[in-house]
file structure_13.cif (mmCIF, C-alpha atoms)
data_protein
#
loop_
_atom_site.label_atom_id
_atom_site.label_comp_id
_atom_site.auth_asym_id
_atom_site.auth_seq_id
_atom_site.Cartn_x
_atom_site.Cartn_y
_atom_site.Cartn_z
CA MET A 143 -3.33 104.42 151.40
CA GLU A 144 -5.70 107.36 151.00
CA TYR A 145 -4.00 110.65 150.22
CA VAL A 146 -5.91 113.90 149.72
CA SER A 147 -4.24 117.27 149.20
CA ARG A 148 -5.03 120.79 148.12
CA VAL A 149 -3.39 124.20 147.91
CA PRO A 150 -4.61 126.65 150.60
CA ARG A 151 -6.13 130.04 149.83
CA PRO A 152 -4.08 133.27 149.87
CA PRO A 153 -2.08 134.38 151.72
CA LEU A 154 -1.23 130.87 152.94
CA ASP A 155 -0.38 129.76 149.40
CA GLY A 156 2.71 131.96 149.57
CA LEU A 157 3.95 129.90 152.51
CA ILE A 158 2.55 126.43 151.80
CA ASP A 159 2.75 124.02 148.86
CA ASP A 160 -0.22 121.98 150.01
CA LEU A 161 -2.30 120.73 152.91
CA TYR A 162 -2.78 116.97 153.00
CA TYR A 163 -4.63 114.08 154.62
CA LEU A 164 -3.01 110.65 154.89
CA GLU A 165 -4.56 107.42 156.14
CA GLY A 166 -3.83 103.73 155.78
CA ALA A 167 -1.03 101.22 155.86
CA PRO A 168 2.35 102.65 154.80
CA PRO A 169 4.28 100.81 152.08
CA TYR A 170 7.12 100.13 154.52
CA ALA A 171 7.38 100.29 158.31
CA ARG A 172 10.26 102.74 157.97
CA LEU A 173 10.70 105.35 155.27
CA LEU A 174 13.74 107.51 154.59
CA LEU A 175 13.11 111.10 153.50
CA PRO A 176 16.12 112.75 151.87
CA PRO A 177 16.35 116.47 152.67
CA MET A 178 14.73 118.89 150.27
CA PRO A 179 13.92 122.62 150.25
CA ALA A 180 10.72 122.27 152.23
CA ALA A 181 9.39 121.98 155.77
CA LEU A 182 6.68 119.87 157.35
CA LEU A 183 4.00 119.98 160.03
CA ILE A 184 2.10 116.81 160.95
CA VAL A 185 -0.95 116.67 163.22
CA ASN A 186 -1.22 113.02 164.19
CA LEU A 187 -4.65 111.42 164.60
CA GLY A 188 -3.57 107.80 164.87
CA PRO A 189 -1.03 105.76 166.85
CA PRO A 190 2.32 107.45 167.55
CA PHE A 191 5.00 107.47 164.88
CA ARG A 192 8.76 107.67 165.28
CA VAL A 193 11.30 110.03 163.73
CA ARG A 194 15.06 109.77 163.58
CA ALA A 195 16.67 112.99 162.40
CA GLY A 196 20.12 111.78 161.39
CA THR A 197 22.51 109.08 162.53
CA ASP A 198 23.73 110.99 165.61
CA ILE A 199 20.27 111.67 167.05
CA GLU A 200 18.09 109.23 168.99
CA THR A 201 14.79 108.08 167.53
CA ALA A 202 11.89 109.92 169.18
CA GLU A 203 8.20 109.08 169.37
CA TYR A 204 5.51 111.60 168.44
CA ALA A 205 1.91 111.18 169.55
CA ASP A 206 0.42 114.59 168.74
CA GLY A 207 2.51 115.22 165.65
CA CYS A 208 5.69 117.07 164.81
CA VAL A 209 7.20 120.11 163.15
CA VAL A 210 10.24 119.71 160.89
CA THR A 211 11.95 122.82 159.57
CA MET A 212 14.05 122.48 156.42
CA PRO A 213 16.40 119.56 157.08
CA THR A 214 20.06 119.23 156.13
CA ARG A 215 20.17 115.45 156.44
CA ALA A 216 17.92 112.50 155.74
CA PHE A 217 15.07 111.77 158.16
CA GLU A 218 13.75 108.33 158.99
CA PHE A 219 10.03 107.98 159.71
CA GLY A 220 8.75 104.89 161.48
CA TYR A 221 5.03 104.45 160.83
CA PRO A 222 2.50 102.37 162.78
CA PRO A 223 0.56 99.74 160.78
CA GLY A 224 -2.37 102.12 160.47
CA THR A 225 -1.35 105.76 160.21
CA ARG A 226 -3.75 108.72 160.11
CA SER A 227 -2.78 112.38 160.01
CA VAL A 228 -3.24 115.77 158.42
CA GLY A 229 -0.30 117.94 157.59
CA VAL A 230 1.31 120.86 155.85
CA HIS A 231 4.02 120.79 153.21
CA PHE A 232 5.60 124.20 153.73
CA LYS A 233 7.87 126.13 151.45
CA PRO A 234 11.28 126.52 153.18
CA TRP A 235 10.31 129.87 154.74
CA GLY A 236 6.71 128.79 155.38
CA PRO A 237 6.80 127.75 159.07
CA ALA A 238 8.37 131.02 160.25
CA PRO A 239 5.11 132.94 160.86
CA PHE A 240 3.82 130.05 162.99
CA LEU A 241 6.90 129.40 165.14
CA PRO A 242 7.56 130.95 168.57
CA MET A 243 11.32 130.47 168.15
CA PRO A 244 13.93 131.05 165.40
CA ALA A 245 13.89 128.24 162.84
CA VAL A 246 17.62 127.63 163.33
CA GLU A 247 16.85 126.25 166.81
CA LEU A 248 14.87 123.44 165.16
CA CYS A 249 17.31 122.63 162.37
CA ASP A 250 17.50 118.81 162.17
CA ARG A 251 15.71 118.67 165.54
CA PRO A 252 11.98 117.99 165.12
CA VAL A 253 9.69 119.13 167.91
CA THR A 254 6.16 118.17 168.84
CA VAL A 255 3.26 120.36 167.73
CA GLU A 256 2.53 120.87 171.42
CA GLN A 257 5.97 122.47 171.89
CA VAL A 258 5.13 124.95 169.15
CA TRP A 259 1.45 125.77 169.78
CA GLY A 260 0.86 124.57 173.35
CA ARG A 261 -1.07 121.61 174.75
CA PRO A 262 -4.59 123.11 175.00
CA ALA A 263 -4.55 124.46 171.44
CA VAL A 264 -3.25 121.22 169.95
CA ALA A 265 -5.70 119.09 171.95
CA GLY A 266 -8.57 121.26 170.75
CA LEU A 267 -7.43 121.08 167.13
CA ARG A 268 -7.05 117.31 167.26
CA ASP A 269 -10.54 116.98 168.76
CA ARG A 270 -12.04 119.11 165.97
CA LEU A 271 -10.19 117.14 163.31
CA ALA A 272 -11.26 113.79 164.79
CA ALA A 273 -14.91 114.92 164.72
CA ALA A 274 -14.76 116.17 161.12
CA ALA A 275 -16.94 114.54 158.45
CA GLY A 276 -14.02 113.62 156.20
CA PRO A 277 -10.66 114.63 154.72
CA TYR A 278 -11.86 117.79 153.00
CA GLU A 279 -13.45 119.16 156.15
CA MET A 280 -10.27 118.30 158.04
CA LEU A 281 -8.17 120.29 155.59
CA THR A 282 -10.54 123.24 155.95
CA LEU A 283 -10.20 123.09 159.74
CA LEU A 284 -6.41 122.95 159.47
CA GLU A 285 -6.42 125.89 157.07
CA GLU A 286 -8.59 127.92 159.48
CA GLU A 287 -6.18 127.14 162.33
CA LEU A 288 -3.25 128.35 160.25
CA MET A 289 -5.09 131.52 159.25
CA ARG A 290 -5.75 132.30 162.92
CA ARG A 291 -2.09 131.81 163.79
CA LEU A 292 -0.61 133.71 160.84
CA ARG A 293 1.42 136.68 162.03
CA GLU A 294 3.65 139.37 160.55
CA THR A 295 7.28 138.23 160.42
CA ALA A 296 10.19 140.63 160.03
CA GLY A 297 12.38 139.83 157.03
CA LEU A 298 9.96 137.36 155.50
CA GLY A 299 9.62 139.31 152.25
CA LEU A 300 13.39 139.40 151.77
CA VAL A 301 13.84 135.70 152.49
CA ARG A 302 10.86 134.66 150.38
CA HIS A 303 11.96 136.71 147.35
CA THR A 304 15.59 135.57 147.53
CA SER A 305 14.60 131.94 148.00
CA SER A 306 12.22 132.15 145.04
CA VAL A 307 15.07 133.42 142.85
CA MET A 308 17.12 130.42 143.98
CA ALA A 309 14.27 128.04 143.22
CA ALA A 310 13.78 129.46 139.73
CA ALA A 311 17.49 128.98 139.03
CA GLY A 312 17.52 125.48 140.47
CA GLY A 313 20.06 126.57 143.06
CA ALA A 314 22.61 127.64 140.42
CA VAL A 315 23.11 131.16 141.78
CA ALA A 316 25.92 133.19 143.34
CA ILE A 317 24.92 134.08 146.88
CA GLY A 318 26.90 137.32 146.74
CA ASP A 319 24.88 138.43 143.73
CA LEU A 320 21.64 137.74 145.60
CA SER A 321 22.61 139.93 148.56
CA VAL A 322 23.69 142.73 146.23
CA ALA A 323 20.42 142.50 144.30
CA ALA A 324 18.48 142.60 147.57
CA GLY A 325 20.44 145.61 148.81
CA VAL A 326 21.64 143.95 152.00
CA SER A 327 24.94 142.54 153.23
CA SER A 328 25.67 138.85 152.93
CA THR A 329 25.84 138.70 156.73
CA HIS A 330 22.37 140.21 157.10
CA LEU A 331 20.96 137.85 154.47
CA ALA A 332 22.49 134.80 156.16
CA GLN A 333 21.13 135.93 159.54
CA ARG A 334 17.60 136.30 158.20
CA PHE A 335 17.77 132.93 156.45
CA LYS A 336 18.83 131.18 159.64
CA GLU A 337 16.11 132.91 161.63
CA LEU A 338 13.29 132.14 159.19
CA ILE A 339 14.41 128.97 157.37
CA GLY A 340 17.02 127.51 159.69
CA VAL A 341 19.89 127.31 157.20
CA THR A 342 22.15 129.69 155.30
CA PRO A 343 21.41 130.83 151.74
CA LYS A 344 24.25 128.65 150.48
CA ARG A 345 22.77 125.56 152.09
CA LEU A 346 19.34 126.29 150.64
CA ALA A 347 20.84 126.75 147.17
CA ARG A 348 22.56 123.37 147.50
CA ALA A 349 19.24 121.79 148.45
CA TYR A 350 17.47 123.29 145.44
CA ARG A 351 20.17 122.05 143.08
CA PHE A 352 20.26 118.57 144.60
CA THR A 353 16.48 118.19 144.55
CA ARG A 354 16.14 119.33 140.95
CA THR A 355 18.88 116.90 139.95
CA VAL A 356 17.31 113.94 141.75
CA PHE A 357 13.87 114.63 140.31
CA ALA A 358 15.45 114.61 136.85
CA ILE A 359 16.40 110.95 137.35
CA ASN A 360 14.14 108.44 135.65
CA PRO A 361 14.55 105.28 137.75
CA ALA A 362 12.81 103.20 135.10
CA GLY A 363 15.63 103.71 132.59
CA PRO A 364 19.43 103.88 132.39
CA VAL A 365 21.14 106.88 134.03
CA ASP A 366 24.26 108.62 132.73
CA TRP A 367 25.62 109.96 136.02
CA ALA A 368 28.37 112.03 134.44
CA GLU A 369 25.94 113.75 132.10
CA LEU A 370 23.48 114.32 134.93
CA ALA A 371 26.17 115.87 137.16
CA ASP A 372 27.41 118.12 134.38
CA GLY A 373 23.92 119.28 133.49
CA ALA A 374 23.24 120.21 137.11
CA GLY A 375 26.37 122.33 137.32
CA TYR A 376 28.44 120.15 139.64
CA PHE A 377 32.22 120.39 139.22
CA ASP A 378 32.46 116.75 138.23
CA GLN A 379 30.91 113.38 138.97
CA ALA A 380 32.94 113.04 142.19
CA HIS A 381 31.49 116.33 143.46
CA PHE A 382 28.01 115.10 142.62
CA GLY A 383 28.64 111.81 144.41
CA HIS A 384 29.86 113.62 147.51
CA GLU A 385 26.75 115.81 147.58
CA PHE A 386 24.54 112.76 147.06
CA ARG A 387 26.04 110.97 150.05
CA ALA A 388 25.81 114.12 152.17
CA PHE A 389 22.11 114.52 151.41
CA THR A 390 20.96 110.90 151.42
CA GLY A 391 23.61 108.82 153.17
CA MET A 392 23.94 106.61 150.09
CA THR A 393 25.69 106.57 146.74
CA PRO A 394 23.79 107.53 143.58
CA THR A 395 23.75 103.92 142.37
CA ARG A 396 22.48 102.68 145.74
CA TYR A 397 19.75 105.35 145.65
CA LEU A 398 18.70 104.16 142.21
CA ASP A 399 18.52 100.57 143.43
CA VAL A 400 16.29 101.59 146.36
CA ARG A 401 14.07 103.78 144.18
CA ARG A 402 13.63 100.91 141.72
CA ARG A 403 12.71 98.61 144.61
CA PHE A 404 9.90 100.98 145.59
CA LEU A 405 8.61 101.11 142.03
CA ARG A 406 8.78 97.35 141.70
CA GLU A 407 7.12 96.50 145.00
CA HIS A 408 4.54 99.32 145.08
CA PRO A 409 3.82 100.54 141.55
CA GLY A 410 1.73 103.70 141.49
CA HIS A 411 1.79 104.17 145.26
CA VAL A 412 0.67 107.62 146.49
CA LEU A 413 3.93 108.12 148.40
CA ASP A 414 6.23 107.23 145.52
CA GLY A 415 8.37 110.14 144.46
CA TRP A 416 10.57 111.11 147.38
CA PRO A 417 10.42 108.70 150.38
CA LEU A 418 12.60 105.61 150.17
CA PRO A 419 12.39 102.26 151.95
CA ALA A 420 14.59 102.31 155.05
CA ASP A 421 14.11 98.62 155.89
#

call {"tool": "encode", "arguments": {"input": "structure_13.cif", "output": "structure tokens"}}
result
Amino acid sequence: MEYVSRVPRPPLDGLIDDLYYLEGAPPYARLLLPPMPAALLIVNLGPPFRVRAGTDIETAEYADGCVVTMPTRAFEFGYPPGTRSVGVHFKPWGPAPFLPMPAVELCDRPVTVEQVWGRPAVAGLRDRLAAAAGPYEMLTLLEEELMRRLRETAGLGLVRHTSSVMAAAGGAVAIGDLSVAAGVSSTHLAQRFKELIGVTPKRLARAYRFTRTVFAINPAGPVDWAELADGAGYFDQAHFGHEFRAFTGMTPTRYLDVRRRFLREHPGHVLDGWPLPAD
């Protein structure tokens, strides 16, 4: 697969980790994406793909693309044999200035890009992207579209600062201390988080801690689960195992088996790192 990415210019870099272009045959027909403190926008330029946002939600097909606010459960992506898209990896609060609705309405419920920006605008953007000379021009066009749509968002500074403190601490923070430091009530902070991120501060802190812990795992070597859980600040290994199943739908040892399968079958693949085989 071809994967090209870059960080956008300010002020978008305060909302977005990177813009990316993806084209080619996916390593597996279905990929599982465990939840992490991030959000996603995909503008699809190839055949439709399918998304299943949890076990209790039907699989849906997306032709123009989709918007995924910060998830609380694993997502399953079903890719066509030849996928082609551009997209945005947002920071958790990143989509808020581009959404016409509160983020909590989209929690674990992806929507099409058309539902967010309207059919004419999305059709025009897809036409411009399809006519672009290559990936780098596509990313420039996507960046320009985002700059045009960027708007002032009440409470964004509060949510961004508080979330950044969480990220720096790897989620190991007391939510009450954060609201006191910000000079607002815990109720107000939770309301703003749900409006702009889609989840409560506590849920975001859990996601930061889980993600940091998982990225600390070296699938190529032995893993001491008890030591890993203790180092991440979980009460005990049972607490860690419960969180792991809640976030991924699998046990830590099963996750390690699946991660090792990816490494074995597709060494050095551009998508290796977070997606897992769902087949």

call {"tool": "residues_around", "arguments": {"input": "structure_13.cif", "residues": "Ala171 in chain A", "least_positions_apart": "5", "cutoff": "9 Å", "atoms": "only C-alpha atoms", "output": "list of chain:residue names"}}
result
A:Phe219, A:Gly220, A:Tyr221, A:Pro222, A:Pro223, A:Pro419, A:Ala420, A:Asp421

call {"tool": "write_last_selection", "arguments": {"input": "structure_13.cif", "atoms": "C-alpha atoms", "output": "mmCIF file, in the frame of the given file"}}
result
data_model
loop_
_atom_site.group_PDB
_atom_site.id
_atom_site.type_symbol
_atom_site.label_atom_id
_atom_site.label_comp_id
_atom_site.auth_asym_id
_atom_site.auth_seq_id
_atom_site.Cartn_x
_atom_site.Cartn_y
_atom_site.Cartn_z
ATOM 1 C CA PHE A 219 10.030 107.980 159.710
ATOM 2 C CA GLY A 220 8.750 104.890 161.480
ATOM 3 C CA TYR A 221 5.030 104.450 160.830
ATOM 4 C CA PRO A 222 2.500 102.370 162.780
ATOM 5 C CA PRO A 223 0.560 99.740 160.780
ATOM 6 C CA PRO A 419 12.390 102.260 151.950
ATOM 7 C CA ALA A 420 14.590 102.310 155.050
ATOM 8 C CA ASP A 421 14.110 98.620 155.890
#

call {"tool": "closest_residue", "arguments": {"input": "structure_13.cif", "among": "A:Asp399, A:Asp269, A:Glu286, A:Glu337", "to": "Ala238 in chain A", "atoms": "all atoms listed in the file"}}
result
A:Glu337

call {"tool": "resolve_selection", "arguments": {"input": "structure_13.cif", "expression": "the PyMOL selection byres ((chain A and resi 293) around 8)", "output": "MDAnalysis selection string"}}
result
chainID A and resid 239:240 291:292 294:295

call {"tool": "write_last_selection", "arguments": {"input": "structure_13.cif", "atoms": "C-alpha atoms", "output": "PDB file, in the coordinates of the input"}}
result
ATOM      1  CA  PRO A 239       5.110 132.940 160.860  1.00  0.00           C
ATOM      2  CA  PHE A 240       3.820 130.050 162.990  1.00  0.00           C
ATOM      3  CA  ARG A 291      -2.090 131.810 163.790  1.00  0.00           C
ATOM      4  CA  LEU A 292      -0.610 133.710 160.840  1.00  0.00           C
ATOM      5  CA  GLU A 294       3.650 139.370 160.550  1.00  0.00           C
ATOM      6  CA  THR A 295       7.280 138.230 160.420  1.00  0.00           C
TER       7      THR A 295
END

call {"tool": "resolve_selection", "arguments": {"input": "structure_13.cif", "expression": "the PyMOL selection byres ((chain A and resi 150-152) around 10)", "output": "PyMOL selection string"}}
result
chain A and resi 147-149+153-161+230+281-282+284-286+288-289

call {"tool": "residues_around", "arguments": {"input": "structure_13.cif", "residues": "Glu200 in chain A", "least_positions_apart": "2", "cutoff": "12 Å", "atoms": "all atoms listed in the file", "output": "PyMOL selection string"}}
result
chain A and resi 192-198+202-203+217-218+250-252

call {"tool": "atom_distance", "arguments": {"input": "structure_13.cif", "atom1": "CA of Trp259 in chain A", "atom2": "CA of Val210 in chain A"}}
result
13.9 Å

call {"tool": "resolve_selection", "arguments": {"input": "structure_13.cif", "expression": "the PyMOL selection byres ((chain A and resi 411) around 12)", "output": "VMD selection string"}}
result
chain A and resid 143 to 145 166 to 170 404 to 410 412 to 418

call {"tool": "closest_residue", "arguments": {"input": "structure_13.cif", "among": "A:Leu174, A:Ala380, A:Ala347, A:Ala362", "to": "Arg402 in chain A", "atoms": "only C-alpha atoms"}}
result
A:Ala362

call {"tool": "residues_around", "arguments": {"input": "structure_13.cif", "residues": "Ala332 in chain A", "least_positions_apart": "2", "cutoff": "9 Å", "atoms": "all atoms listed in the file", "output": "ChimeraX atom specification"}}
result
/A:327-330,334-337,341-344

call {"tool": "closest_residue", "arguments": {"input": "structure_13.cif", "among": "A:Thr304, A:Tyr162, A:Val356, A:Pro213", "to": "Ala316 in chain A", "atoms": "all atoms listed in the file"}}
result
A:Thr304

call {"tool": "closest_residue", "arguments": {"input": "structure_13.cif", "among": "A:Leu175, A:Ala263, A:Leu248, A:Ala368", "to": "Arg401 in chain A", "atoms": "all atoms listed in the file"}}
result
A:Leu175

call {"tool": "atom_distance", "arguments": {"input": "structure_13.cif", "atom1": "CA of Pro190 in chain A", "atom2": "CA of Gly266 in chain A"}}
result
17.9 Å

call {"tool": "residues_around", "arguments": {"input": "structure_13.cif", "residues": "Asp206 in chain A", "least_positions_apart": "2", "cutoff": "9 Å", "atoms": "all atoms listed in the file", "output": "PyMOL selection string"}}
result
chain A and resi 184-188+190+204+208+254-256+264-265+268

call {"tool": "atom_distance", "arguments": {"input": "structure_13.cif", "atom1": "CA of Ala310 in chain A", "atom2": "CA of Ala296 in chain A"}}
result
23.4 Å

call {"tool": "closest_residue", "arguments": {"input": "structure_13.cif", "among": "A:Val307, A:Ala272, A:Met178, A:Leu164", "to": "Arg354 in chain A", "atoms": "all atoms listed in the file"}}
result
A:Met178

call {"tool": "closest_residue", "arguments": {"input": "structure_13.cif", "among": "A:Glu165, A:Asp372, A:Ala180, A:Arg215", "to": "Gly391 in chain A", "atoms": "only C-alpha atoms"}}
result
A:Arg215
